[in-house]
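Colleague: Provided below: protein.txt, containing compact mmCIF, C-alpha atoms (C1' of nucleotides).
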```txt
# COMPACT_ATOMS: atom_id res chain seq x y z
CA MET A 1 0.00 0.00 0.00
CA PRO A 2 0.98 3.53 -0.53
CA GLU A 3 3.12 5.07 2.17
CA LEU A 4 4.19 8.72 2.14
CA PRO A 5 6.36 8.57 -1.02
CA GLU A 6 3.66 6.84 -3.03
CA VAL A 7 0.95 9.30 -1.96
CA GLU A 8 3.30 12.23 -2.61
CA THR A 9 3.96 10.82 -6.08
CA LEU A 10 0.23 10.75 -6.78
CA CYS A 11 -0.22 14.30 -5.51
CA ARG A 12 2.58 15.65 -7.71
CA GLN A 13 1.25 13.89 -10.78
CA LEU A 14 -2.33 14.85 -10.06
CA ARG A 15 -1.86 18.60 -9.53
CA PRO A 16 -1.18 19.56 -13.16
CA VAL A 17 -4.05 17.35 -14.25
CA ILE A 18 -6.93 18.39 -11.97
CA VAL A 19 -6.10 21.57 -10.04
CA GLY A 20 -8.18 24.39 -11.46
CA ARG A 21 -10.45 21.89 -13.20
CA GLU A 22 -14.10 21.22 -12.51
CA ILE A 23 -15.51 17.89 -11.40
CA GLN A 24 -18.21 17.25 -13.99
CA SER A 25 -19.69 14.21 -12.32
CA LEU A 26 -19.01 11.35 -9.99
CA ARG A 27 -19.81 7.67 -10.26
CA VAL A 28 -19.78 5.58 -7.10
CA ILE A 29 -19.34 1.96 -8.14
CA ASP A 30 -18.76 0.42 -4.71
CA ARG A 31 -21.46 1.31 -2.22
CA LYS A 32 -19.10 0.39 0.60
CA LEU A 33 -17.55 3.82 0.08
CA GLY A 34 -20.72 5.20 1.60
CA HIS A 35 -22.52 8.42 0.94
CA LEU A 36 -20.61 11.13 -0.89
CA PRO A 37 -22.03 14.65 -1.08
CA PRO A 38 -22.78 16.28 -4.41
CA LEU A 39 -19.45 17.29 -5.93
CA ALA A 40 -20.40 18.01 -9.53
CA GLY A 41 -19.60 21.56 -10.56
CA ARG A 42 -16.96 22.04 -7.87
CA GLU A 43 -13.48 23.00 -8.91
CA VAL A 44 -10.44 21.37 -7.33
CA ARG A 45 -8.50 24.26 -5.83
CA SER A 46 -5.58 22.29 -4.42
CA VAL A 47 -4.25 18.80 -3.79
CA GLU A 48 -2.44 18.39 -0.51
CA ARG A 49 -0.97 15.57 1.48
CA HIS A 50 -0.37 14.89 5.12
CA GLY A 51 1.23 11.59 5.97
CA LYS A 52 -0.51 8.98 3.84
CA ARG A 53 -3.68 11.04 3.42
CA MET A 54 -4.49 13.07 0.31
CA VAL A 55 -6.80 16.06 0.66
CA TRP A 56 -8.52 18.06 -2.08
CA MET A 57 -9.66 21.58 -1.31
CA LEU A 58 -12.77 22.34 -3.34
CA SER A 59 -14.14 25.64 -4.59
CA ASP A 60 -17.19 25.42 -2.31
CA GLY A 61 -15.01 25.21 0.79
CA GLN A 62 -15.40 21.48 1.27
CA CYS A 63 -12.40 19.17 1.66
CA LEU A 64 -12.26 15.65 0.34
CA ALA A 65 -9.87 13.23 2.05
CA PHE A 66 -8.55 10.01 0.52
CA GLN A 67 -7.03 7.19 2.56
CA LEU A 68 -5.75 4.56 0.15
CA ARG A 69 -4.82 2.02 2.83
CA MET A 70 -3.53 -1.32 1.56
CA THR A 71 -4.43 -1.51 -2.10
CA GLY A 72 -6.05 1.78 -3.09
CA ARG A 73 -4.74 3.23 -6.37
CA LEU A 74 -5.62 6.33 -8.37
CA PHE A 75 -5.40 6.17 -12.15
CA TRP A 76 -5.80 8.94 -14.69
CA LEU A 77 -7.44 7.74 -17.89
CA GLU A 78 -8.14 9.59 -21.07
CA GLY A 79 -9.38 6.66 -23.13
CA GLY A 80 -12.44 4.51 -22.60
CA GLU A 81 -10.83 1.69 -20.64
CA THR A 82 -11.68 0.89 -17.01
CA PRO A 83 -9.10 -0.74 -14.73
CA PRO A 84 -9.98 -3.82 -12.68
CA HIS A 85 -11.50 -3.18 -9.24
CA ALA A 86 -12.72 0.33 -10.08
CA ARG A 87 -14.64 1.66 -7.05
CA LEU A 88 -15.16 5.33 -7.82
CA VAL A 89 -14.80 7.54 -10.91
CA PHE A 90 -14.39 11.32 -11.12
CA PHE A 91 -15.21 12.77 -14.52
CA PHE A 92 -13.17 15.82 -15.51
CA PRO A 93 -13.35 17.66 -18.85
CA SER A 94 -10.04 16.17 -19.97
CA GLY A 95 -10.33 12.66 -18.58
CA ARG A 96 -11.34 10.39 -15.72
CA LEU A 97 -9.76 9.75 -12.35
CA VAL A 98 -10.47 6.22 -11.13
CA LEU A 99 -10.06 4.86 -7.62
CA SER A 100 -9.16 1.20 -8.00
CA ASP A 101 -8.99 -0.98 -4.90
CA PRO A 102 -9.06 -4.80 -4.87
CA ARG A 103 -9.32 -5.14 -1.10
CA ARG A 104 -11.80 -2.30 -0.71
CA PHE A 105 -10.17 -0.80 2.39
CA ALA A 106 -9.70 2.67 0.93
CA THR A 107 -11.89 5.48 2.24
CA VAL A 108 -13.04 8.78 0.75
CA ALA A 109 -14.74 11.30 2.99
CA LEU A 110 -15.45 14.96 3.52
CA CYS A 111 -13.27 16.50 6.15
CA SER A 112 -13.16 19.87 7.80
CA PRO A 113 -10.72 22.41 6.40
CA SER A 114 -8.44 21.64 9.27
CA ALA A 115 -5.73 23.75 10.71
CA ALA A 116 -2.23 22.41 10.30
CA SER A 117 -1.86 19.01 11.89
CA PRO A 118 0.22 18.94 15.06
CA VAL A 119 1.93 15.81 13.78
CA ALA A 120 5.16 16.30 11.85
CA ASP A 121 5.08 15.00 8.29
CA GLY A 122 7.95 12.72 7.30
CA LEU A 123 8.95 14.84 4.31
CA GLU A 124 9.53 17.88 6.50
CA PRO A 125 12.81 17.97 8.40
CA LEU A 126 12.10 16.12 11.62
CA ASP A 127 13.15 17.67 14.90
CA PRO A 128 15.30 15.13 16.79
CA LYS A 129 14.50 16.75 20.13
CA ALA A 130 10.78 16.53 19.48
CA LEU A 131 11.12 12.87 18.48
CA ALA A 132 13.07 12.09 21.63
CA ALA A 133 10.53 13.95 23.75
CA SER A 134 7.53 12.12 22.31
CA ALA A 135 9.35 8.78 22.70
CA ARG A 136 10.42 9.50 26.25
CA ARG A 137 7.86 7.22 27.91
CA ARG A 138 7.29 4.83 25.02
CA ARG A 139 8.72 1.40 25.63
CA LEU A 140 7.38 -0.09 22.41
CA PRO A 141 9.86 -1.07 19.67
CA VAL A 142 11.29 1.97 17.91
CA LYS A 143 10.06 0.53 14.61
CA SER A 144 6.47 0.54 15.87
CA PHE A 145 7.01 4.04 17.19
CA LEU A 146 8.09 5.29 13.76
CA MET A 147 5.00 3.71 12.22
CA ASP A 148 2.71 5.35 14.79
CA GLN A 149 1.03 8.04 12.70
CA ARG A 150 0.62 10.19 15.81
CA ALA A 151 4.41 10.34 16.20
CA VAL A 152 5.40 10.91 12.57
CA ALA A 153 2.94 11.00 9.70
CA GLY A 154 3.63 8.89 6.64
CA ILE A 155 6.10 6.16 7.58
CA GLY A 156 4.82 2.63 6.89
CA ASN A 157 6.26 -0.86 7.07
CA ILE A 158 8.75 -0.67 4.19
CA TYR A 159 10.30 2.68 4.99
CA ALA A 160 10.41 2.02 8.75
CA SER A 161 12.78 -0.91 8.12
CA GLU A 162 14.81 1.11 5.62
CA ILE A 163 15.15 4.15 7.87
CA LEU A 164 16.31 2.12 10.87
CA HIS A 165 18.87 0.33 8.74
CA GLY A 166 20.13 3.66 7.44
CA ALA A 167 20.33 4.97 10.99
CA GLY A 168 22.06 1.83 12.29
CA ILE A 169 19.42 1.12 14.92
CA ASP A 170 18.00 -2.27 15.94
CA PRO A 171 14.24 -2.11 15.22
CA THR A 172 13.40 -3.98 18.45
CA ARG A 173 15.00 -1.34 20.68
CA PRO A 174 12.50 0.38 22.97
CA ALA A 175 11.76 3.82 21.55
CA CYS A 176 12.68 5.46 24.85
CA SER A 177 16.16 3.91 24.80
CA LEU A 178 17.57 5.84 21.85
CA THR A 179 20.26 8.43 22.52
CA PRO A 180 19.97 12.02 21.27
CA ALA A 181 22.61 11.23 18.65
CA GLN A 182 20.52 8.30 17.42
CA TRP A 183 17.41 10.47 17.12
CA ARG A 184 19.49 12.88 15.05
CA ARG A 185 20.44 9.98 12.80
CA VAL A 186 16.80 8.92 12.49
CA ALA A 187 15.71 12.46 11.61
CA THR A 188 18.39 12.89 8.96
CA VAL A 189 18.10 9.46 7.40
CA SER A 190 14.31 9.53 7.38
CA ALA A 191 14.16 12.77 5.40
CA ARG A 192 16.80 11.50 2.98
CA ILE A 193 15.21 8.11 2.34
CA LEU A 194 11.68 9.43 1.93
CA ALA A 195 12.86 12.15 -0.44
CA LYS A 196 14.77 9.62 -2.53
CA ALA A 197 11.74 7.36 -2.63
CA VAL A 198 9.62 10.27 -3.86
CA GLU A 199 12.21 10.96 -6.56
CA ALA A 200 11.91 7.31 -7.59
CA ARG A 201 8.10 7.56 -7.61
CA GLY A 202 7.71 5.00 -4.84
CA THR A 203 8.40 1.32 -4.30
CA SER A 204 6.79 -1.26 -6.58
CA ILE A 205 7.39 -4.42 -4.56
CA SER A 206 4.29 -6.14 -5.78
CA ASP A 207 1.74 -3.98 -7.48
CA TRP A 208 2.12 -0.30 -6.63
CA ARG A 209 1.53 1.84 -9.72
CA ASP A 210 1.54 5.61 -10.07
CA LEU A 211 -1.18 7.85 -11.53
CA PHE A 212 -0.28 6.79 -15.06
CA ALA A 213 0.07 3.09 -14.18
CA GLY A 214 3.86 3.30 -14.23
CA PRO A 215 5.89 1.38 -11.63
CA GLY A 216 8.03 3.14 -9.04
CA GLU A 217 11.76 2.50 -8.97
CA TYR A 218 12.71 2.64 -5.31
CA GLN A 219 12.57 -1.15 -4.95
CA HIS A 220 16.01 -1.18 -6.58
CA GLN A 221 17.40 0.92 -3.74
CA LEU A 222 15.97 -1.05 -0.82
CA ARG A 223 18.67 -2.09 1.65
CA VAL A 224 16.76 -4.53 3.86
CA TYR A 225 13.03 -4.73 3.15
CA GLY A 226 12.15 -8.05 1.53
CA ARG A 227 15.80 -9.15 1.53
CA LYS A 228 15.71 -11.90 4.19
CA GLY A 229 18.64 -14.26 3.70
CA GLU A 230 20.41 -11.90 1.31
CA ARG A 231 23.56 -10.04 2.23
CA CYS A 232 23.69 -6.59 3.71
CA ARG A 233 25.15 -4.29 1.08
CA ALA A 234 27.23 -2.58 3.76
CA CYS A 235 28.74 -5.47 5.75
CA ARG A 236 27.87 -8.62 3.75
CA CYS A 237 26.10 -10.19 6.76
CA GLU A 238 22.79 -11.97 6.37
CA ILE A 239 19.62 -9.87 6.55
CA LEU A 240 17.17 -11.21 9.12
CA ARG A 241 13.37 -11.11 9.22
CA VAL A 242 11.52 -10.78 12.51
CA VAL A 243 7.90 -10.01 13.29
CA ILE A 244 7.25 -6.86 15.30
CA ALA A 245 3.65 -6.06 16.24
CA GLY A 246 2.51 -8.50 13.60
CA ARG A 247 4.45 -6.87 10.78
CA SER A 248 7.44 -8.23 8.84
CA THR A 249 10.58 -6.40 9.81
CA PHE A 250 13.96 -6.70 8.11
CA TYR A 251 17.32 -5.69 9.53
CA CYS A 252 21.04 -6.33 9.58
CA PRO A 253 22.13 -7.55 13.04
CA THR A 254 25.66 -6.27 12.44
CA CYS A 255 24.90 -2.77 11.19
CA GLN A 256 21.98 -2.18 13.54
CA LYS A 257 22.50 -2.03 17.30
C1' DT B 1 -4.35 -25.69 0.52
C1' DC B 2 -1.87 -22.42 3.10
C1' DC B 3 0.58 -18.23 3.90
C1' DC B 4 1.63 -13.67 2.87
C1' DA B 5 0.61 -8.74 1.91
C1' DT B 6 3.26 -1.16 1.51
C1' DG B 7 -2.95 0.08 6.48
C1' DT B 8 -6.17 1.28 10.14
C1' DT B 9 -9.34 0.46 13.80
C1' DG B 10 -11.13 -1.60 17.78
C1' DC B 11 -11.30 -5.05 21.28
C1' DT B 12 -9.22 -7.82 25.12
C1' DA B 13 -6.03 -8.86 28.45
C1' DA B 14 -1.72 -8.53 30.79
C1' DG C 1 -1.89 4.51 30.90
C1' DT C 2 0.75 1.32 27.81
C1' DT C 3 1.42 -2.49 25.05
C1' DA C 4 0.83 -7.00 22.67
C1' DG C 5 -2.03 -9.79 20.35
C1' DC C 6 -5.70 -10.64 17.71
C1' DA C 7 -9.58 -10.03 14.61
C1' DA C 8 -11.78 -7.50 11.24
C1' DC C 9 -12.04 -5.35 6.82
C1' DA C 10 -11.64 -8.24 1.57
C1' DT C 11 -8.91 -9.88 -2.16
C1' DG C 12 -5.20 -11.69 -4.92
C1' DG C 13 -0.71 -13.79 -5.62
C1' DG C 14 2.91 -17.19 -4.83
```
Mind converting the file's structure to structure tokens?

Modeller:
Amino acid sequence: MPELPEVETLCRQLRPVIVGREIQSLRVIDRKLGHLPPLAGREVRSVERHGKRMVWMLSDGQCLAFQLRMTGRLFWLEGGETPPHARLVFFFPSGRLVLSDPRRFATVALCSPSAASPVADGLEPLDPKALAASARRRRLPVKSFLMDQRAVAGIGNIYASEILHGAGIDPTRPACSLTPAQWRRVATVSARILAKAVEARGTSISDWRDLFAGPGEYQHQLRVYGRKGERCRACRCEILRVVIAGRSTFYCPTCQK
DNA sequence: TCCCATGTTGCTAA
DNA sequence: GTTAGCAACATGGG
């Protein structure tokens, strides 16, 4: 599923295509998405992102929030084709935007034009002191802490493993046990990895595709995720897989302490 | 057939 | 209060 870099990729591709354009009509294919208010005739004023959530600001003051969850995808189509698992279609003058979602976990809902979220977004430079402060009483594994959307917005299972490898930190360490220097490493590495993943238009491990159905390229730069039994590119030791809070976690026992 | 899956929420129990 | 564990959501791929 899309994490921050994948959602950011969609936002960047979507802006030139729909910002300033009017939604002509809407077709709800999957009733599980629930009731959507009338949107026809509204113009999309902006496309924003916070963490893994995409938000459209509309000309009537409403905000529409997308949570793609595990398998939600957005595709821009100008021809007549319809992708598999289409759940929702926005008709614009120049084409259609389709929400495709095999597992049907994605949500679309109106939200209030909220003030800035108090949670730092992973693409912004993280403040190591603030990270340390919010982890001060958290004994859960630092990997789970990084994936807690209330701590940092946007980091999911793939990038949590990658960031901790880059920072040289054992993912099972209690969050409260990291030193200030280690939080500085986390802050620096996190911004660098997420930015590089955005540049690469995300990670296509299995079936992530961007707005134009193109694959991302960051899977070629992964250091640990999905590499159980392979060798660490830094020290040649074997990459291990462990389960933390029910999620696959990959790390190098030599590079990460 | 079984196991796995890039997410989130809510419950239970320690 | 915190955390782990589990189920649920629902489907497809290996």

Colleague: Pick from A:Ala106, A:Gln62, A:Leu4, A:Ala120: nearest to DC9 (chain C), with all atoms listed in the file counted?

Modeller: A:Ala106

Colleague: Expressed in Å to a single decimal, how great is the separation between C1' of DA7 (chain C) and CA of Arg150 (chain A)?

Modeller: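 Separation between C1' of DA7 (chain C) and CA of Arg150 (chain A): 22.7 Å.
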
Colleague: For DA10 (chain C), find every residue with an atom within 10 Å (counting all atoms listed in the file), except residues of its own chain fewer than 2 positions away, and show them as a ChimeraX atom specification.

Modeller: /A:102-105 /C:8,12

Colleague: Hey, list the chain B side of the contact with chain A: 12 Å cut-off, only C-alpha atoms (C1' of nucleotides), answer as a VMD selection string.

Modeller: chain B and resid 4 to 9

Colleague: Using 5 Å of padding on each side, determine the axis-aligned box around all atoms of region 83-102 of chain A present in the file and give its centre and edge lengths in Å to one decimal, as AutoDock Vina command-line options.

Modeller:
```
--center_x -12.1 --center_y 6.4 --center_z -12.4 --size_x 16.2 --size_y 32.5 --size_z 25.1
```

Colleague: Please report as CSV every residue of region 30-69 of chain A lying within 10 Å of region 121-134 of chain A, along with the nearest atom pair and their distance in Å (one decimal), using only C-alpha atoms.

Modeller:
```
residue,atom,partner,partner_atom,distance
A:Arg49,CA,A:Asp121,CA,9.1
A:His50,CA,A:Asp121,CA,6.3
A:Gly51,CA,A:Asp121,CA,5.6
A:Lys52,CA,A:Asp121,CA,9.3
```

Colleague: Please measure the separation of CA of Ser46 (chain A) and CA of Gly61 (chain A), giving the value in Å to one decimal.

Modeller: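 Atom-to-atom, CA of Ser46 (chain A) to CA of Gly61 (chain A), that is 11.2 Å.
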
Colleague: Provide the CA of Phe212 (chain A) to CA of Ser117 (chain A) distance in Å, to one decimal place.

Modeller: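 Straight-line distance from CA of Phe212 (chain A) to CA of Ser117 (chain A) works out to 29.6 Å.
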
Colleague: Step by step: start from the point (-0.4, 12.2, -5.4) in the file's coordinates, keep every protein, DNA or RNA residue that has an atom no farther than 9 Å from it, count all atoms listed in the file, and write the set as number ranges by chain.

Modeller: A: 5-15, 47-49, 54, 74, 210-211

Colleague: Can you work out which one of A:Val198, A:Ser144, A:Phe250, A:Ser177 has the shortest atom-to-atom distance to chain C, counting only C-alpha atoms (C1' of nucleotides)?

Modeller: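 For chain C, the nearest of the given residues is A:Ser144.
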
Colleague: With only C-alpha atoms as the atoms that count, which of A:Ser112, A:Ser94, A:Gln24, A:Thr249 lies nearest to Val55 (chain A)?

Modeller: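 Selected residue with least distance to Val55 (chain A): A:Ser112.
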
Colleague: Neighbours of region 162-172 of chain A within 6 Å (all atoms listed in the file; same-chain residues fewer than 5 positions away dropped), as a list in words?

Modeller: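 Residues meeting the cut-off are Pro141, Val142, Lys143, Arg185, Val186, Ser190, Cys255, Gln256 and Lys257 of chain A.
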
Colleague: Choose the residue, out of A:Phe75, A:Phe90, A:Phe145, A:Tyr218, that has the smallest atom-to-atom separation from chain C; count all atoms listed in the file.

Modeller: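 Of A:Phe75, A:Phe90, A:Phe145, A:Tyr218, the one nearest chain C is A:Phe145, counting all atoms listed in the file.
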
Colleague: Can you pull out every residue within 10 Å of DA4 (chain C), counting only C-alpha atoms (C1' of nucleotides), but drop anything in the same chain fewer than 4 positions away, and send it as a ChimeraX atom specification?

Modeller: /A:140,244-246 /B:13-14

Colleague: Store the residues of this selection in a file with C-alpha atoms (C1' of nucleotides), as a tab-separated table (two decimals), in the coordinates of the input.

Modeller:
```
chain	number	residue	atom	x	y	z
A	140	LEU	CA	7.38	-0.09	22.41
A	244	ILE	CA	7.25	-6.86	15.30
A	245	ALA	CA	3.65	-6.06	16.24
A	246	GLY	CA	2.51	-8.50	13.60
B	13	DA	C1'	-6.03	-8.86	28.45
B	14	DA	C1'	-1.72	-8.53	30.79
```

Colleague: Give me, as a list in words, all polymer residues having an atom no more than 12 Å from DG1 (chain C), counting all atoms listed in the file and skipping those fewer than 2 positions away in the same chain.

Modeller: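 In the requested format, the answer is Arg137 and Arg138 of chain A; DT3 of chain C.
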
Colleague: Name the closest residue to chain C among the candidates A:Val19, A:Thr107, A:His220, A:Glu78; distances are taken between atoms, counting all atoms listed in the file.

Modeller: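 Going through A:Val19, A:Thr107, A:His220, A:Glu78 one by one, the smallest distance to chain C is for A:Thr107.
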
Colleague: In the coordinates of the file, take the point (-12.7, -4.7, -14.0) and a cut-off of 12 Å; then, counting all atoms listed in the file, name each qualifying protein, DNA or RNA residue as a PyMOL selection string.

Modeller: chain A and resi 29+81-87+98-102

Colleague: Quick one: residues within 10 Å of Cys232 (chain A), all atoms listed in the file, excluding same-chain residues fewer than 6 positions away - as number ranges by chain?

Modeller: A: 165, 223-224, 238-240, 251-255
